[in-house]
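J.: This is model20.txt (compact mmCIF, C-alpha atoms).
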```txt
# COMPACT_ATOMS: atom_id res chain seq x y z
CA MET P 1 53.86 9.82 -16.36
CA GLY P 2 50.11 9.48 -16.24
CA PHE P 3 50.52 5.84 -15.44
CA PHE P 4 52.74 6.53 -12.41
CA ARG P 5 50.44 9.28 -11.20
CA SER P 6 47.49 6.93 -11.31
CA LEU P 7 49.50 4.44 -9.25
CA LEU P 8 50.24 7.04 -6.61
CA ARG P 9 46.76 8.47 -6.33
CA PRO P 10 43.88 6.17 -7.26
CA LYS P 11 41.38 8.00 -9.44
CA ARG P 12 38.01 8.69 -7.84
CA THR P 13 35.20 7.34 -9.92
CA SER P 14 32.11 9.42 -10.61
CA ALA P 15 30.04 6.80 -8.76
CA SER P 16 32.07 7.29 -5.58
CA ILE P 17 31.63 11.06 -5.88
CA ALA P 18 27.88 10.52 -6.28
CA LYS P 19 27.77 8.36 -3.16
CA GLU P 20 29.67 10.88 -1.07
CA ARG P 21 27.53 13.81 -2.23
CA LEU P 22 24.33 11.90 -1.53
CA LYS P 23 25.46 10.94 1.97
CA ILE P 24 26.16 14.56 2.85
CA VAL P 25 22.99 16.06 1.39
CA LEU P 26 20.75 13.37 2.87
CA ALA P 27 22.28 13.65 6.34
CA HIS P 28 21.47 17.34 6.23
CA GLU P 29 17.95 16.89 4.85
CA ARG P 30 17.03 14.12 7.28
CA ALA P 31 18.08 16.31 10.21
CA SER P 32 16.05 19.28 9.04
CA SER P 33 12.97 17.20 8.21
CA ARG P 34 12.91 15.84 11.75
CA ALA P 35 12.94 19.34 13.25
CA PRO P 36 9.79 20.19 15.18
CA ASP P 37 7.21 22.45 13.56
CA PHE P 38 7.61 25.27 16.07
CA LEU P 39 11.18 26.17 15.05
CA PRO P 40 10.25 28.64 12.28
CA ASN P 41 7.82 30.45 14.61
CA LEU P 42 10.33 30.53 17.44
CA GLN P 43 12.83 32.00 15.04
CA LYS P 44 10.36 34.68 13.94
CA GLU P 45 9.47 35.69 17.49
CA LEU P 46 13.09 35.78 18.57
CA LEU P 47 13.84 37.98 15.60
CA ALA P 48 11.10 40.40 16.70
CA VAL P 49 12.32 40.56 20.31
CA VAL P 50 16.01 40.89 19.53
CA GLY P 51 15.16 43.32 16.74
CA ARG P 52 13.83 45.77 19.31
CA TYR P 53 17.32 46.18 20.74
CA VAL P 54 19.67 45.59 17.85
CA GLU P 55 19.34 45.78 14.13
CA ILE P 56 19.26 42.28 12.70
CA SER P 57 17.88 40.60 9.62
CA GLU P 58 16.27 37.22 9.14
CA ASP P 59 19.37 35.50 7.83
CA MET P 60 21.37 36.44 10.91
CA ILE P 61 19.44 34.16 13.25
CA ARG P 62 19.78 30.38 13.27
CA VAL P 63 17.75 28.03 15.44
CA THR P 64 18.67 24.36 15.44
CA LEU P 65 17.69 21.37 17.48
CA ALA P 66 20.22 18.60 17.97
CA ASN P 67 19.49 15.20 19.43
CA SER P 68 22.11 12.97 20.97
CA GLY P 69 20.97 9.97 22.92
CA ASP P 70 18.25 11.00 25.36
CA THR P 71 19.16 14.68 25.53
CA SER P 72 18.27 17.36 23.04
CA SER P 73 19.80 20.78 22.81
CA LEU P 74 18.22 23.81 21.28
CA GLU P 75 20.84 26.10 19.88
CA ILE P 76 20.09 29.69 19.03
CA ASN P 77 22.72 31.64 17.17
CA ILE P 78 22.29 35.33 16.51
CA GLU P 79 24.87 37.16 14.55
CA ILE P 80 25.14 40.89 15.15
CA GLU P 81 26.98 43.27 12.92
CA GLY P 82 29.43 45.40 14.88
CA GLY P 83 28.14 48.89 14.03
CA LYS P 84 24.51 48.03 14.68
CA LEU P 85 24.99 47.29 18.39
CA LYS P 86 24.44 50.22 20.77
CA SER P 87 27.59 49.42 22.79
CA GLY P 88 29.50 49.70 19.51
CA ASN P 89 31.53 46.51 19.49
CA ASP P 90 33.43 46.19 16.23
CA SER P 91 34.32 42.55 16.33
CA GLY P 92 30.76 41.36 15.64
CA PRO P 93 29.97 39.23 18.65
CA ALA P 94 27.46 36.44 18.48
CA LEU P 95 24.81 36.01 21.12
CA SER P 96 24.59 32.35 21.78
CA ALA P 97 22.40 30.40 24.11
CA ALA P 98 22.00 26.73 24.77
CA VAL P 99 18.84 25.56 26.49
CA MET T 1 -6.58 -10.05 4.60
CA ALA T 2 -6.03 -7.96 1.49
CA LYS T 3 -2.74 -6.13 1.25
CA VAL T 4 -2.30 -2.63 -0.21
CA ILE T 5 1.04 -2.03 -1.94
CA VAL T 6 2.05 1.42 -3.18
CA VAL T 7 4.61 1.70 -5.98
CA THR T 8 6.24 5.07 -5.49
CA SER T 9 9.49 6.99 -6.05
CA GLY T 10 9.11 10.75 -5.77
CA LYS T 11 10.98 11.20 -9.04
CA GLY T 12 9.26 10.70 -12.38
CA GLY T 13 10.37 8.39 -15.16
CA VAL T 14 12.10 5.81 -12.98
CA GLY T 15 9.72 2.95 -13.80
CA LYS T 16 6.76 3.13 -11.41
CA THR T 17 4.12 2.20 -13.99
CA THR T 18 6.33 -0.49 -15.54
CA THR T 19 6.89 -1.89 -12.04
CA SER T 20 3.20 -1.67 -11.09
CA ALA T 21 2.21 -3.54 -14.25
CA ALA T 22 4.96 -6.15 -13.85
CA PHE T 23 4.33 -6.67 -10.15
CA ALA T 24 0.56 -6.97 -10.52
CA ALA T 25 0.96 -9.45 -13.38
CA GLY T 26 3.63 -11.32 -11.40
CA LEU T 27 1.35 -11.68 -8.37
CA ALA T 28 -1.49 -12.83 -10.63
CA LEU T 29 0.80 -15.44 -12.21
CA ARG T 30 1.54 -16.71 -8.72
CA GLY T 31 -2.19 -17.31 -8.25
CA HIS T 32 -3.14 -14.20 -6.29
CA LYS T 33 -6.16 -12.18 -7.30
CA THR T 34 -4.69 -8.73 -7.90
CA VAL T 35 -5.90 -5.31 -8.99
CA VAL T 36 -3.61 -2.50 -10.13
CA ILE T 37 -4.92 1.07 -9.70
CA ASP T 38 -3.70 4.14 -11.55
CA PHE T 39 -3.48 7.11 -9.14
CA ASP T 40 -2.07 9.52 -11.73
CA VAL T 41 -5.23 11.56 -12.28
CA GLY T 42 -5.06 13.57 -15.50
CA LEU T 43 -2.11 11.59 -16.87
CA ARG T 44 -3.57 8.14 -17.35
CA ASN T 45 -0.97 5.67 -18.62
CA LEU T 46 -1.32 2.38 -16.80
CA ASP T 47 -4.04 1.39 -19.30
CA LEU T 48 -1.55 1.76 -22.18
CA VAL T 49 1.21 -0.14 -20.39
CA MET T 50 -1.28 -2.91 -19.57
CA GLY T 51 -2.65 -2.89 -23.13
CA CYS T 52 -6.29 -2.20 -22.24
CA GLU T 53 -6.61 1.45 -23.31
CA ARG T 54 -9.49 0.72 -25.69
CA ARG T 55 -11.52 -0.99 -23.01
CA VAL T 56 -11.72 1.92 -20.55
CA VAL T 57 -15.34 2.99 -20.03
CA PHE T 58 -15.58 4.15 -16.43
CA ASP T 59 -12.74 5.24 -14.19
CA PHE T 60 -11.62 5.78 -10.60
CA ILE T 61 -13.23 9.24 -10.33
CA ASN T 62 -16.54 7.94 -11.75
CA VAL T 63 -16.59 5.33 -8.99
CA ILE T 64 -15.64 7.83 -6.27
CA ASN T 65 -18.41 10.16 -7.42
CA GLY T 66 -20.93 7.32 -7.57
CA ASP T 67 -21.45 7.62 -11.34
CA ALA T 68 -20.47 3.99 -11.83
CA ASN T 69 -20.01 1.00 -9.58
CA LEU T 70 -16.69 -0.71 -9.04
CA ASN T 71 -17.36 -3.72 -11.25
CA GLN T 72 -18.30 -1.49 -14.17
CA ALA T 73 -14.93 0.26 -13.95
CA LEU T 74 -12.67 -2.75 -13.33
CA ILE T 75 -11.09 -4.18 -16.49
CA LYS T 76 -10.32 -7.87 -16.50
CA ASP T 77 -6.97 -8.64 -18.08
CA LYS T 78 -7.24 -10.85 -21.17
CA ARG T 79 -4.04 -12.74 -20.39
CA HIS T 80 -4.76 -13.75 -16.83
CA ASP T 81 -7.97 -14.40 -14.87
CA ASN T 82 -6.50 -13.13 -11.59
CA LEU T 83 -5.51 -9.74 -12.96
CA PHE T 84 -7.62 -6.58 -13.03
CA ILE T 85 -6.89 -3.00 -14.03
CA PHE T 86 -8.56 0.02 -12.47
CA PRO T 87 -7.94 3.01 -14.75
CA THR T 88 -7.82 6.61 -13.60
CA SER T 89 -9.58 9.62 -15.01
CA GLN T 90 -8.22 12.13 -17.50
CA THR T 91 -9.85 15.03 -15.62
CA ARG T 92 -7.73 18.07 -14.97
CA ASP T 93 -9.14 18.54 -11.48
CA LYS T 94 -6.19 17.50 -9.36
CA ASN T 95 -8.24 17.22 -6.18
CA ALA T 96 -10.80 14.82 -7.64
CA LEU T 97 -9.30 12.04 -5.51
CA LYS T 98 -11.14 12.76 -2.29
CA ARG T 99 -9.72 10.80 0.59
CA ASP T 100 -13.03 9.52 1.99
CA GLY T 101 -14.10 8.45 -1.51
CA VAL T 102 -10.79 6.64 -2.06
CA GLU T 103 -11.14 4.97 1.33
CA ARG T 104 -14.60 3.67 0.44
CA VAL T 105 -13.30 2.26 -2.87
CA MET T 106 -10.28 0.66 -1.14
CA GLU T 107 -12.52 -1.06 1.40
CA GLU T 108 -14.66 -2.40 -1.42
CA LEU T 109 -11.59 -3.64 -3.33
CA LYS T 110 -10.30 -5.39 -0.21
CA GLN T 111 -13.43 -7.57 -0.24
CA GLN T 112 -12.58 -8.86 -3.73
CA PHE T 113 -8.79 -8.92 -4.01
CA GLU T 114 -5.75 -10.30 -2.23
CA TYR T 115 -3.40 -7.59 -3.47
CA ILE T 116 -4.14 -3.98 -4.37
CA ILE T 117 -1.27 -2.29 -6.21
CA CYS T 118 -1.37 1.52 -6.21
CA ASP T 119 0.60 3.09 -9.05
CA SER T 120 1.58 6.49 -7.65
CA PRO T 121 2.13 9.64 -9.70
CA ALA T 122 5.52 11.34 -9.43
CA GLY T 123 6.01 14.18 -6.97
CA ILE T 124 4.79 14.68 -3.42
CA GLU T 125 1.50 16.40 -4.21
CA HIS T 126 -2.05 15.31 -3.46
CA GLY T 127 -2.14 12.33 -5.87
CA ALA T 128 1.11 10.84 -4.59
CA ILE T 129 0.11 11.31 -0.94
CA THR T 130 -3.30 9.73 -1.59
CA ALA T 131 -1.64 6.78 -3.34
CA LEU T 132 0.60 6.03 -0.36
CA TYR T 133 -1.88 6.91 2.40
CA PHE T 134 -3.60 3.50 2.60
CA ALA T 135 -0.48 1.38 2.01
CA ASP T 136 0.57 -1.62 4.06
CA SER T 137 3.72 -2.08 1.96
CA ALA T 138 5.66 0.22 -0.33
CA ILE T 139 7.92 -0.51 -3.26
CA ILE T 140 10.38 2.36 -3.63
CA VAL T 141 11.42 2.38 -7.28
CA THR T 142 14.88 3.93 -7.56
CA ASN T 143 17.37 4.43 -10.37
CA PRO T 144 21.08 4.32 -9.50
CA GLU T 145 21.36 8.05 -9.97
CA VAL T 146 21.66 10.95 -7.48
CA SER T 147 18.32 12.71 -8.00
CA SER T 148 16.35 9.48 -7.88
CA VAL T 149 18.06 8.33 -4.67
CA ARG T 150 17.47 11.68 -3.00
CA ASP T 151 13.78 11.70 -3.94
CA SER T 152 13.40 8.12 -2.74
CA ASP T 153 14.78 9.16 0.63
CA ARG T 154 12.22 11.94 0.77
CA ILE T 155 9.34 9.60 -0.09
CA ILE T 156 10.51 7.10 2.57
CA GLY T 157 10.30 9.96 5.10
CA ILE T 158 6.80 10.86 3.92
CA LEU T 159 5.66 7.23 4.24
CA ALA T 160 6.90 7.26 7.82
CA SER T 161 5.00 10.44 8.70
CA LYS T 162 2.00 10.90 6.41
CA SER T 163 0.63 7.40 5.79
CA ARG T 164 -2.49 6.20 7.57
CA ARG T 165 -0.40 3.70 9.51
CA ALA T 166 1.79 6.55 10.77
CA GLU T 167 -1.20 8.72 11.65
CA ARG T 168 -2.83 5.89 13.60
CA ASN T 169 0.41 4.84 15.33
CA GLU T 170 0.11 1.40 13.76
CA PRO T 171 3.13 -0.70 12.71
CA PRO T 172 4.91 1.28 9.97
CA VAL T 173 4.51 0.72 6.24
CA ASP T 174 6.79 -2.09 5.17
CA VAL T 175 9.19 -0.47 2.67
CA HIS T 176 11.19 -2.26 -0.04
CA LEU T 177 13.84 -0.97 -2.39
CA LEU T 178 13.57 -1.89 -6.06
CA LEU T 179 16.55 -0.70 -8.05
CA THR T 180 15.67 -0.32 -11.73
CA ARG T 181 17.61 0.45 -14.93
CA TYR T 182 20.72 -1.10 -13.40
CA ASP T 183 23.73 -1.51 -15.64
CA PRO T 184 26.30 -3.85 -14.04
CA ALA T 185 28.95 -3.08 -16.66
CA ARG T 186 28.82 0.65 -15.87
CA VAL T 187 28.88 -0.12 -12.14
CA THR T 188 32.08 -2.14 -12.66
CA ARG T 189 33.63 0.82 -14.46
CA GLY T 190 32.71 3.11 -11.56
CA GLU T 191 30.25 5.09 -13.67
CA MET T 192 27.11 4.12 -11.77
CA LEU T 193 26.15 3.77 -8.10
CA ALA T 194 26.32 0.12 -7.08
CA VAL T 195 23.37 -1.68 -5.56
CA ASP T 196 25.17 -1.86 -2.20
CA ASP T 197 25.78 1.89 -2.25
CA VAL T 198 22.10 2.67 -2.78
CA LYS T 199 21.12 0.12 -0.12
CA GLU T 200 23.56 1.67 2.33
CA ILE T 201 22.38 5.23 1.65
CA LEU T 202 18.65 4.52 1.86
CA SER T 203 19.02 1.77 4.49
CA ILE T 204 15.90 -0.17 3.54
CA PRO T 205 15.76 -3.85 2.52
CA LEU T 206 16.37 -4.70 -1.12
CA LEU T 207 13.54 -6.41 -2.97
CA GLY T 208 15.22 -6.67 -6.33
CA VAL T 209 17.46 -5.26 -9.03
CA ILE T 210 15.97 -4.82 -12.50
CA PRO T 211 18.64 -4.59 -15.20
CA GLU T 212 18.46 -1.97 -17.92
CA SER T 213 16.88 -3.93 -20.71
CA GLU T 214 15.58 -3.35 -24.20
CA SER T 215 12.66 -5.61 -23.43
CA VAL T 216 11.07 -2.98 -21.15
CA LEU T 217 10.43 -0.59 -24.03
CA ARG T 218 9.33 -3.49 -26.20
CA ALA T 219 6.82 -4.48 -23.49
CA SER T 220 5.31 -1.01 -23.20
CA ASN T 221 5.22 -0.65 -27.00
CA THR T 222 2.96 -3.66 -27.16
CA GLY T 223 1.07 -3.13 -23.91
CA THR T 224 2.33 -6.31 -22.28
CA PRO T 225 3.63 -6.41 -18.68
CA VAL T 226 7.30 -7.38 -18.97
CA VAL T 227 6.90 -10.50 -16.77
CA PHE T 228 5.01 -12.15 -19.63
CA ASP T 229 8.23 -11.99 -21.69
CA GLU T 230 10.07 -15.07 -20.47
CA ASP T 231 13.22 -14.24 -22.44
CA SER T 232 13.56 -10.83 -20.90
CA PRO T 233 16.17 -10.35 -18.14
CA ALA T 234 14.02 -7.54 -16.70
CA GLY T 235 10.96 -9.79 -16.76
CA ARG T 236 12.84 -12.56 -14.95
CA ALA T 237 14.18 -10.06 -12.41
CA TYR T 238 10.60 -8.92 -11.70
CA VAL T 239 9.47 -12.54 -11.28
CA ASP T 240 12.25 -12.95 -8.68
CA ALA T 241 11.24 -9.73 -6.91
CA VAL T 242 7.62 -10.92 -6.68
CA ALA T 243 8.82 -14.26 -5.25
CA ARG T 244 10.89 -12.41 -2.62
CA PHE T 245 7.90 -10.24 -1.80
CA LEU T 246 5.96 -13.45 -1.15
CA GLY T 247 8.65 -14.57 1.27
CA GLU T 248 10.90 -16.75 -0.90
CA THR T 249 14.66 -16.47 -0.87
CA ARG T 250 16.14 -15.96 -4.30
CA GLU T 251 19.66 -15.05 -5.24
CA MET T 252 20.07 -11.63 -6.89
CA ARG T 253 20.62 -12.08 -10.61
CA PHE T 254 21.76 -9.53 -13.17
CA VAL T 255 23.97 -7.63 -10.71
CA LYS T 256 27.25 -8.68 -12.30
CA PRO T 257 28.29 -7.87 -15.86
CA GLU T 258 27.29 -10.56 -18.28
CA ARG T 259 30.16 -12.44 -19.88
CA ARG T 260 29.49 -12.10 -23.58
CA SER T 261 30.10 -15.36 -25.31
CA PHE T 262 32.35 -15.49 -28.33
CA PHE T 263 29.42 -15.99 -30.69
CA ARG T 264 27.35 -13.22 -29.18
CA ALA T 265 30.29 -10.85 -29.38
CA LEU T 266 30.79 -11.87 -32.98
CA PHE T 267 27.17 -11.46 -34.05
CA GLY T 268 26.45 -8.51 -31.77
CA ARG T 269 23.16 -9.55 -30.18
CA ALA T 270 22.86 -8.18 -26.66
```
What does the file become when written as structure tokens?
T.:
Amino acid sequence: MGFFRSLLRPKRTSASIAKERLKIVLAHERASSRAPDFLPNLQKELLAVVGRYVEISEDMIRVTLANSGDTSSLEINIEIEGGKLKSGNDSGPALSAAV
Amino acid sequence: MAKVIVVTSGKGGVGKTTTSAAFAAGLALRGHKTVVIDFDVGLRNLDLVMGCERRVVFDFINVINGDANLNQALIKDKRHDNLFIFPTSQTRDKNALKRDGVERVMEELKQQFEYIICDSPAGIEHGAITALYFADSAIIVTNPEVSSVRDSDRIIGILASKSRRAERNEPPVDVHLLLTRYDPARVTRGEMLAVDDVKEILSIPLLGVIPESESVLRASNTGTPVVFDEDSPAGRAYVDAVARFLGETREMRFVKPERRSFFRALFGRA
């Protein structure tokens, strides 16, 4: 049985798992290490401004910079919990802006 | 013009000091006047690996502080006239390596030597950054193992942003991958990252593959750079890597599992 199963689905070696994991983690780390230095400050200031109107915490705001070819896009994602918004939207909308 | 080569890795225990010793000795054997400097302040070990621990009088920090001159601190290797060792200090002050002091010493070394090998400490702290700062070339020592590959990637990024060449917008540091402790048999069984995998992930040119070898421990036990052991596969692989560094083309050896002969299998000598 084991023999037939191994014929049907080739076993993944631990080396191939290592390679795949490394590719994913390094792609992520390379992208974040290339991010400009102002991103953390921008995130902090945005948090202060938005925080004046809605209740948010630090982990609910995400600022990322993506490069593709000769254009870059700055993406700001702010998650807002339903009950904390004055208009009282329950579905938890996300304010999103692309610059 | 003298060339500064940093041997670095990020991760500890992958073979930086072994590689620094082997590479320096290899360059000396090829007729180049070479000095190897220990940048691991507080954890001096290059002297032991080079077998000159009883001859250390003055060190790197003494020279930086002006307590000794360069020629008082340099140790001439007893095996080869072209080879010199520059030991570090055992001080616990991590910031004793002041950049302007190191720069002055490097300029002085460049007057005397063709190659200056900088044996970096592990990590990405002050000592490691100082070791790579002045580099023209870098040897990234990597084991075929996830944490080592990840740390190598990090150090490659730091070389591209924090070295003097990067700061001055000069041509970038020339980086080379040296894969150490490679076990072709385990690679064949799918238990170890293959050399091509590591090359693909890090995307830097390959300088050499050093096989896992008993002779490396034997070399450090006796304080002899492994290139002096002509029977050692690791020693021969280092000799090849040095030749490639000098611009020669040499086929990669020790990347396929060795066919054990009938007699060897019978009498069990690896």
J.: Need to verify the contact set: Leu42 in chain P, 10 Å, all atoms listed in the file, exclusion of same-chain residues closer than 5 positions in sequence. Can you return it as a PyMOL selection string?
T.: chain P and resi 37+47-48+63+76
J.: For CA of Ser89 in chain T and CA of Val36 in chain T, quote the distance in Å rounded to one decimal.
T.: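 So the answer is 14.4 Å.
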J.: Could you jot down the CA of Arg79 in chain T to CA of Lys16 in chain T separation for me, Å, one decimal place?
T.: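 According to the coordinates, CA of Arg79 in chain T and CA of Lys16 in chain T are separated by 21.2 Å.
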J.: Enumerate as a compact mmCIF listing (two decimals) with C-alpha atoms, in the coordinates of the input the residues belonging to chain P that approach chain T to within 12 Å, with all atoms listed in the file taken into account.
T.:
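Output file selection-v9.txt is given in full below:
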```txt
# COMPACT_ATOMS: atom_id res chain seq x y z
CA LYS P 11 41.38 8.00 -9.44
CA ARG P 12 38.01 8.69 -7.84
CA THR P 13 35.20 7.34 -9.92
CA SER P 14 32.11 9.42 -10.61
CA ALA P 15 30.04 6.80 -8.76
CA SER P 16 32.07 7.29 -5.58
CA ILE P 17 31.63 11.06 -5.88
CA ALA P 18 27.88 10.52 -6.28
CA LYS P 19 27.77 8.36 -3.16
CA GLU P 20 29.67 10.88 -1.07
CA ARG P 21 27.53 13.81 -2.23
CA LEU P 22 24.33 11.90 -1.53
CA LYS P 23 25.46 10.94 1.97
CA ILE P 24 26.16 14.56 2.85
CA VAL P 25 22.99 16.06 1.39
CA LEU P 26 20.75 13.37 2.87
CA ALA P 27 22.28 13.65 6.34
CA HIS P 28 21.47 17.34 6.23
CA GLU P 29 17.95 16.89 4.85
CA ARG P 30 17.03 14.12 7.28
CA ALA P 31 18.08 16.31 10.21
CA SER P 32 16.05 19.28 9.04
CA SER P 33 12.97 17.20 8.21
CA ARG P 34 12.91 15.84 11.75
```
J.: Give me the residues within 10 Å of Lys33 in chain T as a short mmCIF file (atom, residue, chain, number, x, y, z; two decimals) with C-alpha atoms, in the coordinates of the input, counting all atoms listed in the file and dropping any in the same chain fewer than 6 places off.
T.:
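Final output, saved to result_28.cif:
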```
data_model
loop_
_atom_site.label_atom_id
_atom_site.label_comp_id
_atom_site.auth_asym_id
_atom_site.auth_seq_id
_atom_site.Cartn_x
_atom_site.Cartn_y
_atom_site.Cartn_z
CA ALA T 2 -6.03 -7.96 1.49
CA ALA T 24 0.56 -6.97 -10.52
CA ALA T 25 0.96 -9.45 -13.38
CA LEU T 27 1.35 -11.68 -8.37
CA HIS T 80 -4.76 -13.75 -16.83
CA ASP T 81 -7.97 -14.40 -14.87
CA ASN T 82 -6.50 -13.13 -11.59
CA LEU T 83 -5.51 -9.74 -12.96
CA PHE T 84 -7.62 -6.58 -13.03
CA GLN T 112 -12.58 -8.86 -3.73
CA PHE T 113 -8.79 -8.92 -4.01
CA GLU T 114 -5.75 -10.30 -2.23
CA TYR T 115 -3.40 -7.59 -3.47
CA ILE T 116 -4.14 -3.98 -4.37
#
```
J.: With distances taken over only C-alpha atoms, which residue among T:Leu48, T:Arg218, T:Val226, T:Gly10 lies nearest Ile129 in chain T?
T.: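 Under the stated criterion, the closest residue is T:Gly10.
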J.: Distance CA of Met252 in chain T-CA of Leu132 in chain T, one decimal place?
T.: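 CA of Met252 in chain T sits 27.1 Å away from CA of Leu132 in chain T.
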J.: Would you list the contacts of Glu230 in chain T as number ranges by chain, taking every protein, DNA or RNA residue within 12 Å and counting all atoms listed in the file, but skipping same-chain residues closer than 5 positions in sequence?
T.: T: 26, 215, 219, 224-225, 235-239
J.: Which of these residues is nearest to Ala135 in chain T, using only C-alpha atoms: T:Ile210, T:Val173, T:Ser148, T:Arg55?
T.: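 Smallest separation from Ala135 in chain T among the options: T:Val173.
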J.: Out of T:Leu109, T:Ile156, T:Val209, T:Met1, which residue has the shortest atom-to-atom distance to Val35 in chain T when counting only C-alpha atoms?
T.: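 So, comparing all the options, the nearest one is T:Leu109.
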J.: Which residues are close to Leu179 in chain T, i.e. within 9 Å by all atoms listed in the file, leaving aside same-chain residues fewer than 2 positions away? Reply as a list in words.
T.: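 That gives Ile140, Val141, Thr142, Asn143, Pro144, Leu177, Arg181, Tyr182, Val195, Val198, Leu206, Leu207, Gly208, Val209, Ile210 and Pro211 of chain T.
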J.: Looking at only C-alpha atoms, which of P:Glu45, P:Met60, P:Val54, P:Phe38 is the one that sits closest to Leu74 in chain P?
T.: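 Among the listed residues, the smallest separation from Leu74 in chain P belongs to P:Phe38.
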J.: Could you tell me which of T:Ser232, T:Lys3, T:Gly12, T:Arg44 comes closest to Glu107 in chain T if we count all atoms listed in the file?
T.: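 For Glu107 in chain T, the nearest of the given residues is T:Lys3.
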J.: Please determine, counting all atoms listed in the file, which residue among T:Thr91, T:Thr34, T:Ser9, T:Asn62 has the shortest atom-to-atom distance to Ala122 in chain T.
T.: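 Comparing T:Thr91, T:Thr34, T:Ser9, T:Asn62 against Ala122 in chain T, the winner is T:Ser9.
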J.: What's around Leu43 in chain T at 10 Å? Count all atoms listed in the file, leave out sequence neighbours fewer than 5 positions away in its own chain, and write the answer as an mmCIF file with C-alpha atoms, in the frame of the given file.
T.:
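Dumped to around-v1.cif:
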```
data_model
loop_
_atom_site.group_PDB
_atom_site.id
_atom_site.type_symbol
_atom_site.label_atom_id
_atom_site.label_comp_id
_atom_site.auth_asym_id
_atom_site.auth_seq_id
_atom_site.Cartn_x
_atom_site.Cartn_y
_atom_site.Cartn_z
ATOM 1 C CA ASP T 38 -3.700 4.140 -11.550
ATOM 2 C CA THR T 88 -7.820 6.610 -13.600
ATOM 3 C CA SER T 89 -9.580 9.620 -15.010
ATOM 4 C CA GLN T 90 -8.220 12.130 -17.500
ATOM 5 C CA THR T 91 -9.850 15.030 -15.620
ATOM 6 C CA ARG T 92 -7.730 18.070 -14.970
ATOM 7 C CA PRO T 121 2.130 9.640 -9.700
#
```
J.: Within 12 Å of (19.2, 36.9, 15.5), in the coordinates the file gives, what residues turn up when you count all atoms listed in the file, written out as a PyMOL selection string?
T.: chain P and resi 42-63+75-81+93-97
J.: Since the input has fewer atoms than a full residue there, write range 18-29 of chain P out with N, CA and C atoms, as a compact mmCIF listing (two decimals), in the coordinates of the input.
T.:
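Result saved to rebuild.txt:
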```
# COMPACT_ATOMS: atom_id res chain seq x y z
N ALA P 18 29.33 10.48 -6.44
CA ALA P 18 27.88 10.52 -6.28
C ALA P 18 27.48 10.03 -4.89
N LYS P 19 28.11 8.94 -4.46
CA LYS P 19 27.77 8.36 -3.16
C LYS P 19 28.08 9.34 -2.03
N GLU P 20 29.25 9.94 -2.11
CA GLU P 20 29.67 10.88 -1.07
C GLU P 20 28.74 12.09 -1.01
N ARG P 21 28.41 12.63 -2.19
CA ARG P 21 27.53 13.81 -2.23
C ARG P 21 26.16 13.48 -1.66
N LEU P 22 25.65 12.31 -2.03
CA LEU P 22 24.33 11.90 -1.53
C LEU P 22 24.33 11.76 -0.01
N LYS P 23 25.39 11.15 0.52
CA LYS P 23 25.46 10.94 1.97
C LYS P 23 25.39 12.28 2.71
N ILE P 24 26.12 13.26 2.19
CA ILE P 24 26.16 14.56 2.85
C ILE P 24 24.81 15.27 2.75
N VAL P 25 24.25 15.31 1.56
CA VAL P 25 22.99 16.06 1.39
C VAL P 25 21.85 15.38 2.15
N LEU P 26 21.84 14.06 2.18
CA LEU P 26 20.75 13.37 2.87
C LEU P 26 20.87 13.48 4.39
N ALA P 27 22.09 13.47 4.89
CA ALA P 27 22.28 13.65 6.34
C ALA P 27 21.70 14.99 6.75
N HIS P 28 21.96 16.00 5.95
CA HIS P 28 21.47 17.34 6.23
C HIS P 28 19.95 17.39 6.13
N GLU P 29 19.40 16.81 5.06
CA GLU P 29 17.95 16.89 4.85
C GLU P 29 17.17 16.07 5.88
```
